[in-house]
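Written below as structure tokens is the structure these notes are about.
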2 protein chains.
Amino acid sequence: MSTLLNATRSFVDAIASPSDVKRMSPEQLQRFAREIRQQIIESVSRTGGHLASNLGIVEITLGLHHVFDSPRDKILWDVGHQAYVHKMLTGRRHRFNSLRQFKGLSGFVTPVESEHDAFLSGHSSTSISLAVGMAIARDHLKQDHKVIAVIGDGGLTGGMALEAINHLGHIQRNVVIILNDNEMSISENVGGFSQYMKRIKETFFYKDIKEKLDQIEDTLDHIALQPQVWDLISSVKRQAKQRLETPGIVFEKLGINYTGPVDGHDVAAVVAALKKVKDLPHPQIIHVITQKGKGFAPAEADAVKYHGVPAFSLEKVEPQQSDKERAKTYSQVFTDALIDLASMEANLVAITPATAEGSGLVKFGKIFPERFFDVAICEQHAVTMAAGLAKAGLLPVVSIYATFLQRAMDQVIHDVGILNMPVIFAIDRGGLVEDGETHQGVFDIAHLRSIPNLRLLAPRDARELRDMLYTVVKQPDGPVAIRFPRDKAVRGNIDHPFEIIDLSAWEIVHDGEEVVLLAYGAMVDIAEQALPLLKEAGINPILVNARSCKPLDERMLRKFAGDASLKVVTLEEGSLCGGFGSGVLEWAARHRLNLPGRRQAEIVCLGIEDRFVEHGARQDLLDLCRLSPEKIAASIKRHVRGTRD
Amino acid sequence: MSTLLNATRSFVDAIASPSDVKRMSPEQLQRFAREIRQQIIESVSRTGGHLASNLGIVEITLGLHHVFDSPRDKILWDVGHQAYVHKMLTGRRHRFNSLRQFKGLSGFVTPVESEHDAFLSGHSSTSISLAVGMAIARDHLKQDHKVIAVIGDGGLTGGMALEAINHLGHIQRNVVIILNDNEMSISENVGGFSQYMKRIKETFFYKDIKEKLDQIEDTLDHIALQPQVWDLISSVKRQAKQRLETPGIVFEKLGINYTGPVDGHDVAAVVAALKKVKDLPHPQIIHVITQKGKGFAPAEADAVKYHGVPAFSLEKVEPQQSDKERAKTYSQVFTDALIDLASMEANLVAITPATAEGSGLVKFGKIFPERFFDVAICEQHAVTMAAGLAKAGLLPVVSIYATFLQRAMDQVIHDVGILNMPVIFAIDRGGLVEDGETHQGVFDIAHLRSIPNLRLLAPRDARELRDMLYTVVKQPDGPVAIRFPRDKAVRGNIDHPFEIIDLSAWEIVHDGEEVVLLAYGAMVDIAEQALPLLKEAGINPILVNARSCKPLDERMLRKFAGDASLKVVTLEEGSLCGGFGSGVLEWAARHRLNLPGRRQAEIVCLGIEDRFVEHGARQDLLDLCRLSPEKIAASIKRHVRGTRD
């Protein structure tokens, strides 16, 4: 490092480990911040990824590695997609071009990649709970390192982060919370808490009362007064100091010592704040103000757009898209359909837990601002609020990613399911997604299928998604979940009028013999692509669009599963443990009993094996999980021929 | 009512509907409170139920029905087990003796029972989300009724309640929150928030600063001062008033207007506070201080003990128990085992989300206070904190009811599952419980089974529960869930030394022929009771203790399921959709493929059908779900004989 300081090459090239950062002067850190920011822009322009949040957190990251001693000290990055700078400082800079690529670097933090990643995180609001656990363990094991949670103001809206703060305030363990406040989670932040933090910044230190008391003192200084008046004034000042000068009064009241606000783009200020609290006992929170997209003009101007981006050209700045990429996604088809339906149904309202951008609902919110509710990162609240809306006569549509619905499973059961509330769940990102283990939408079918009263649907294409939404809006009779993948919609560019469809009935898409493919949702299209490959092998299956996973189409099941001359193959982009295929097996087991002596078709279930699936493009992951057209065709050929696996 | 006022008979007998309460004077309300309290004590002494919380909320309930107009105004009772008084006032007094009995009144609120129950609630912390939804719907539909959420200080620790407050503070809809603060959820309350509310009560109105400024003013009154000094003083007072006189500063900062604290056992004070806020716009919170168990000395002295009680004698006060009832419950066996294990393993820690009483862990906490963490009603935080503890080298045991684990499904997947953290889940109340739909522990098997890396176990008796815990503590290799019912433990009074057992291996409990019963957990004992009934019909099944639902014992499955001369019957106290039986079907479907031409045993799955199960004693519910020994024997006889259902 000492040679580096005199060299002309950049710091970025010379950094080998966080210890290099520890030795830098404030000026060097500030220069380094500029360099690393440039490198992030260049890297993400090539690979795609989370740009704005990482540009915002450069100085915080440098400050953390300058003051603390990772991996001995444990730095817990909430959400984890804000940790690109951290990754660059901890030995992963040379692999950065592989970010979020199949078999490349993860877009999140994970201890599988580096000892500097103290834990894995992909979902929001987990860091303080992890920090509390690690601090308790540290104290129990009589260790003396530091535990630091870095969380955004968006993450702090999540109920579990508030649970953890509440607990931390009670047990008073030494944890340092860095609150990275950019007034924005994925989209604009929502909540009393965020309003409050805004006011903290506006009034900055609540200085006015103390200043005015100083003025009283100055004025009275010239007048002879009884000593008790001075005592009173100093007593008022002391209490004002204690109670008013604390901008983080809410945190203080909850037992967390507050420092801030700190300018998050001034490395020296960040370092000073971290040093100040480093050796203090008890829980600490440092409130750091940052700007998303800092240092890259297009991202500063539109941090929402640059939250997560595909690869883009630095010259043109506008993301480049191929013709295929410009086709509508399922999210866009969903939003456009919902806008059409909201025009017809005055009581339809839309709810999103901080995923307005990803789900396409921003557009809905602009047209129907009074009927659009972004409730922040609050999946539990979103679902139970929807139950309240439904009970009171509105028609709520909850747009939620499959992976985030895991946060609200109890609410689906307890608040929606039991009373059979007509809440519509639009489950986005159902299936494999490029973000990896933490974000795979593969458990939703199994989890929801066990809940009584729920109707589970998945469309084969854009038109069916529209018609499903139309039908459940026109004929609400209980909770419905409609699941679609994170991908371009099949036949996504065809517009057509809404039609009522029979939600419980499956349809035969392609007639054939010997084999029946029961394909759920997005698997219909993939199975269609497998048909020519099977034809080459002389196999011509019947392909069924099994649009309803619950209830099953018993009429069609009876016809096919009851025929021992057939092989029935279920296809789903979800876990095989308890999924759609299991539902078919359960049906067959139950109904065989009623048909003594009658043999059934053999049933084969294809889906995602019992393992967590890594990151990479959906196509790569489908292939990895043997759910690409080629792999499906191969599996079917093997099963039909009856050879061993 | 007017005749009533002069009559000698009690108010309680005369009450027909809440409108009678509306016409009472404050004195009449206070007398009525005494009468109704007496009736609750008498009723609960006969039926069992939640005593202490309902004695605490008598005056609040009377105040609500006096000031508001149910069912036009919507009163949302958080948790719902605090609504006995409400039930008595709303036409259900004469059925009160059937409380929590099979086919009797529910122990919670539910609109199925009364239009005065604005929604269903059994789990905690849902009321504010429901209120937000109902207030939005009211405003959208241009209605003008009131929406009131009644929540305890315990319920407010739940993350989703904090999410809802955060959102309500932002959208500023008119909702009245009654915070029933008894400093206790089920057991003693935990958290920075609760500490804060305690301080509110201690400092009561933060009056001191204003008083001192008054003193300055009085002193200075005698001295000629420049006008600007007076301006300064009055400006300081104004700001102090705004900022300091508010004891609910945390709520105010979040955008909720605070009133209180109010004495919750003074009906007139409660009524005055409710009237004050009734017609105010924007969100309101009234902080009411109550005492759990108020008016019944034994419950006042030990509200935890009288939280939920079996029937008891008013004369003896001590609950009466039969010999069988005095036998150890599974919860007690679990806690005693954990205490033994904690003596051996210094790094073992126990975590409970506010169920220390029910899970038996209070005893553990007394012996190992430093290794016991009651995190309040915070299931999400509990699980992720455990992941942090495990990553940092401790051995966390999370004791959690099956129904409450639904609140933390994402955390089990995201924070425990992916990194394969050695967290032990002791799942209490797995299966049917007397509390009804909201509390049935019947989804845990299906939900957890879909999560990779998890080992799912259920013991057949007390000894096996002990040995399972011992084995996973001695050989931690990833997350493990051990599930047991809310009941007396089978062979619960036998003490014996710990033994390491083969967790993945099933065991044959009874040898036989023709039929193989694969019984999971508590079903082993019930199946044993079914054996003599089957013997009468000439059926002598093999009974297998299928202690591991995941992984399955493939060696034994291959032996039995691969034998076409057998019938295999799976038995579980959980949902048939995706449960243990489905796992066996999935295994058979997968392995049949590898054995072309070879026929398999027919598999029959017995468990809980796809419906919500009502309340009642576990034995009644087992019978209702066809899982009693008699019903199981009947089902097997039918299947073995091959007759139609």
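Ordering of the structure tokens sets the chain letters (A, B, ...), residue numbers begin anew at 1 in every chain, and ligands are numbered from 1 in the order given.
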
Which residues, written as a PDB file with N, CA, C and O atoms, in the first residue's frame, have at least one atom at most 8 Å from Leu454 of chain B, with only C-alpha atoms counted and residues fewer than 2 positions away on the same chain left out?
```pdb
ATOM      1  N   GLY B 417     -32.813 -21.963   6.259  1.00  0.00           N
ATOM      2  CA  GLY B 417     -32.720 -23.049   5.293  1.00  0.00           C
ATOM      3  C   GLY B 417     -31.552 -22.937   4.329  1.00  0.00           C
ATOM      4  O   GLY B 417     -30.772 -23.886   4.169  1.00  0.00           O
ATOM      5  N   ASN B 420     -28.332 -23.612   5.721  1.00  0.00           N
ATOM      6  CA  ASN B 420     -28.317 -24.879   6.459  1.00  0.00           C
ATOM      7  C   ASN B 420     -27.892 -24.687   7.916  1.00  0.00           C
ATOM      8  O   ASN B 420     -27.082 -25.435   8.454  1.00  0.00           O
ATOM      9  N   LEU B 448     -43.223 -26.937   5.834  1.00  0.00           N
ATOM     10  CA  LEU B 448     -41.803 -27.185   6.103  1.00  0.00           C
ATOM     11  C   LEU B 448     -41.223 -28.238   5.163  1.00  0.00           C
ATOM     12  O   LEU B 448     -40.052 -28.189   4.810  1.00  0.00           O
ATOM     13  N   ARG B 449     -42.062 -29.189   4.747  1.00  0.00           N
ATOM     14  CA  ARG B 449     -41.557 -30.276   3.915  1.00  0.00           C
ATOM     15  C   ARG B 449     -41.010 -29.763   2.583  1.00  0.00           C
ATOM     16  O   ARG B 449     -40.119 -30.366   1.990  1.00  0.00           O
ATOM     17  N   ILE B 451     -39.264 -27.165   2.132  1.00  0.00           N
ATOM     18  CA  ILE B 451     -38.036 -26.380   2.309  1.00  0.00           C
ATOM     19  C   ILE B 451     -36.817 -27.293   2.324  1.00  0.00           C
ATOM     20  O   ILE B 451     -36.717 -28.177   3.181  1.00  0.00           O
ATOM     21  N   PRO B 452     -35.896 -27.110   1.382  1.00  0.00           N
ATOM     22  CA  PRO B 452     -34.700 -27.960   1.361  1.00  0.00           C
ATOM     23  C   PRO B 452     -33.898 -27.831   2.657  1.00  0.00           C
ATOM     24  O   PRO B 452     -33.981 -26.811   3.356  1.00  0.00           O
ATOM     25  N   LEU B 456     -37.406 -33.102   9.346  1.00  0.00           N
ATOM     26  CA  LEU B 456     -38.686 -33.011  10.057  1.00  0.00           C
ATOM     27  C   LEU B 456     -38.942 -34.279  10.855  1.00  0.00           C
ATOM     28  O   LEU B 456     -39.052 -35.359  10.287  1.00  0.00           O
ATOM     29  N   GLY B 478     -27.609 -29.192  10.726  1.00  0.00           N
ATOM     30  CA  GLY B 478     -28.525 -28.401   9.904  1.00  0.00           C
ATOM     31  C   GLY B 478     -29.815 -28.197  10.657  1.00  0.00           C
ATOM     32  O   GLY B 478     -29.952 -28.644  11.809  1.00  0.00           O
ATOM     33  N   PRO B 479     -30.774 -27.530  10.040  1.00  0.00           N
ATOM     34  CA  PRO B 479     -32.019 -27.247  10.748  1.00  0.00           C
ATOM     35  C   PRO B 479     -32.871 -28.497  10.968  1.00  0.00           C
ATOM     36  O   PRO B 479     -32.961 -29.353  10.086  1.00  0.00           O
ATOM     37  N   VAL B 480     -33.489 -28.568  12.119  1.00  0.00           N
ATOM     38  CA  VAL B 480     -34.341 -29.709  12.476  1.00  0.00           C
ATOM     39  C   VAL B 480     -35.617 -29.174  13.116  1.00  0.00           C
ATOM     40  O   VAL B 480     -35.551 -28.263  13.938  1.00  0.00           O
ATOM     41  N   ALA B 481     -36.737 -29.722  12.720  1.00  0.00           N
ATOM     42  CA  ALA B 481     -37.991 -29.384  13.381  1.00  0.00           C
ATOM     43  C   ALA B 481     -38.526 -30.635  14.054  1.00  0.00           C
ATOM     44  O   ALA B 481     -38.621 -31.686  13.427  1.00  0.00           O
ATOM     45  N   LYS B 550     -39.114 -36.210   6.924  1.00  0.00           N
ATOM     46  CA  LYS B 550     -38.127 -35.785   5.932  1.00  0.00           C
ATOM     47  C   LYS B 550     -36.764 -35.842   6.567  1.00  0.00           C
ATOM     48  O   LYS B 550     -36.554 -35.154   7.559  1.00  0.00           O
TER      49      LYS B 550
END
```

- Query: atom CA of Gly562 of chain A and atom CA of Ala588 of chain A, how far apart in Å?
  - Reply: 8.3 Å

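Between Lys294 of chain B and the residues B:His265, B:Lys142, B:Arg463, B:Arg611, the shortest atom-to-atom distance, using only C-alpha atoms, involves B:His265.
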
- Message: Which residues are close to Asn540 of chain A, i.e. within 8 Å by only C-alpha atoms, leaving aside same-chain residues fewer than 4 positions away? Reply as a PyMOL selection string.
- Response: chain A and resi 512-515+531+534-535

- Write out as a ChimeraX atom specification which residues come within 7 Å of segment 267-274 of chain A when counting only C-alpha atoms, dropping same-chain ones fewer than 6 positions away. /A:26,29-30,59-60,63,67

- Item | Residue neighbourhood Glu609 of chain B, 10 Å, only C-alpha atoms, exclusion window fewer than 5 positions, as a ChimeraX atom specification | /A:450,452 /B:574-577,625-626

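We find atom CA of Met385 of chain A and atom CA of Leu130 of chain B to be spaced 4.9 Å apart.
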
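Picture a line from atom CA of Val604 of chain B to atom CA of Thr570 of chain B; it runs 6.3 Å.
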
Using only C-alpha atoms, which protein or nucleic acid residues come within 7 Å of Ile351 of chain B? Drop anything in the same chain fewer than 5 positions from it, and give the result as a PDB file with N, CA and C atoms, in the first residue's frame.
```
ATOM      1  N   PHE B 372     -31.895 -17.657  27.984  1.00  0.00           N
ATOM      2  CA  PHE B 372     -33.321 -17.734  27.675  1.00  0.00           C
ATOM      3  C   PHE B 372     -33.775 -16.389  27.105  1.00  0.00           C
ATOM      4  N   PHE B 373     -34.410 -16.417  25.936  1.00  0.00           N
ATOM      5  CA  PHE B 373     -34.789 -15.180  25.269  1.00  0.00           C
ATOM      6  C   PHE B 373     -36.259 -15.209  24.876  1.00  0.00           C
ATOM      7  N   ASP B 374     -37.063 -14.475  25.632  1.00  0.00           N
ATOM      8  CA  ASP B 374     -38.449 -14.259  25.236  1.00  0.00           C
ATOM      9  C   ASP B 374     -38.461 -12.956  24.442  1.00  0.00           C
ATOM     10  N   ALA B 382     -37.631 -13.865  16.007  1.00  0.00           N
ATOM     11  CA  ALA B 382     -37.156 -15.034  16.766  1.00  0.00           C
ATOM     12  C   ALA B 382     -36.365 -15.980  15.866  1.00  0.00           C
ATOM     13  N   VAL B 397     -32.425 -23.169  20.233  1.00  0.00           N
ATOM     14  CA  VAL B 397     -33.655 -23.955  20.159  1.00  0.00           C
ATOM     15  C   VAL B 397     -34.815 -22.960  20.165  1.00  0.00           C
ATOM     16  N   VAL B 398     -35.574 -22.932  19.073  1.00  0.00           N
ATOM     17  CA  VAL B 398     -36.722 -22.038  18.986  1.00  0.00           C
ATOM     18  C   VAL B 398     -37.966 -22.847  19.327  1.00  0.00           C
ATOM     19  N   SER B 399     -38.585 -22.496  20.442  1.00  0.00           N
ATOM     20  CA  SER B 399     -39.845 -23.139  20.805  1.00  0.00           C
ATOM     21  C   SER B 399     -40.966 -22.302  20.217  1.00  0.00           C
TER      22      SER B 399
END
```

- Task: Go through A:Arg558, A:Arg547, A:His591, A:Lys292 one by one, measure the shortest atom-to-atom distance of each to chain B using only C-alpha atoms, and give the residue with the smallest value.
- Result: A:His591

- Message: Among segment 498-611 of chain A, which residues does DSSP mark as strand (DSSP E or B) when it is run on the backbone? Keep the chain and numbering as in the structure and answer as an NGL selection string.
- Response: :A and (507-510 or 515-519 or 542-545 or 548-550 or 567-575 or 602-608)

- Item | Within 7 Å of segment 75-80 of chain B using only C-alpha atoms, minus same-chain residues under 4 positions, as a VMD selection string | chain B and resid 108 to 109 118 to 119 121 to 127 147 to 151

- Write out as a PyMOL selection string all residues of segment 306-533 of chain A that DSSP puts in alpha helix (DSSP H) for this structure's backbone. chain A and resi 323-326+330-344+362-367+379-391+402-405+409-411+444-449+462-474+523-533

- Item | Shortest interatomic distance to Leu99 of chain A - which of A:Glu434, A:Glu300, A:Glu357, A:Glu252, counting only C-alpha atoms | A:Glu434
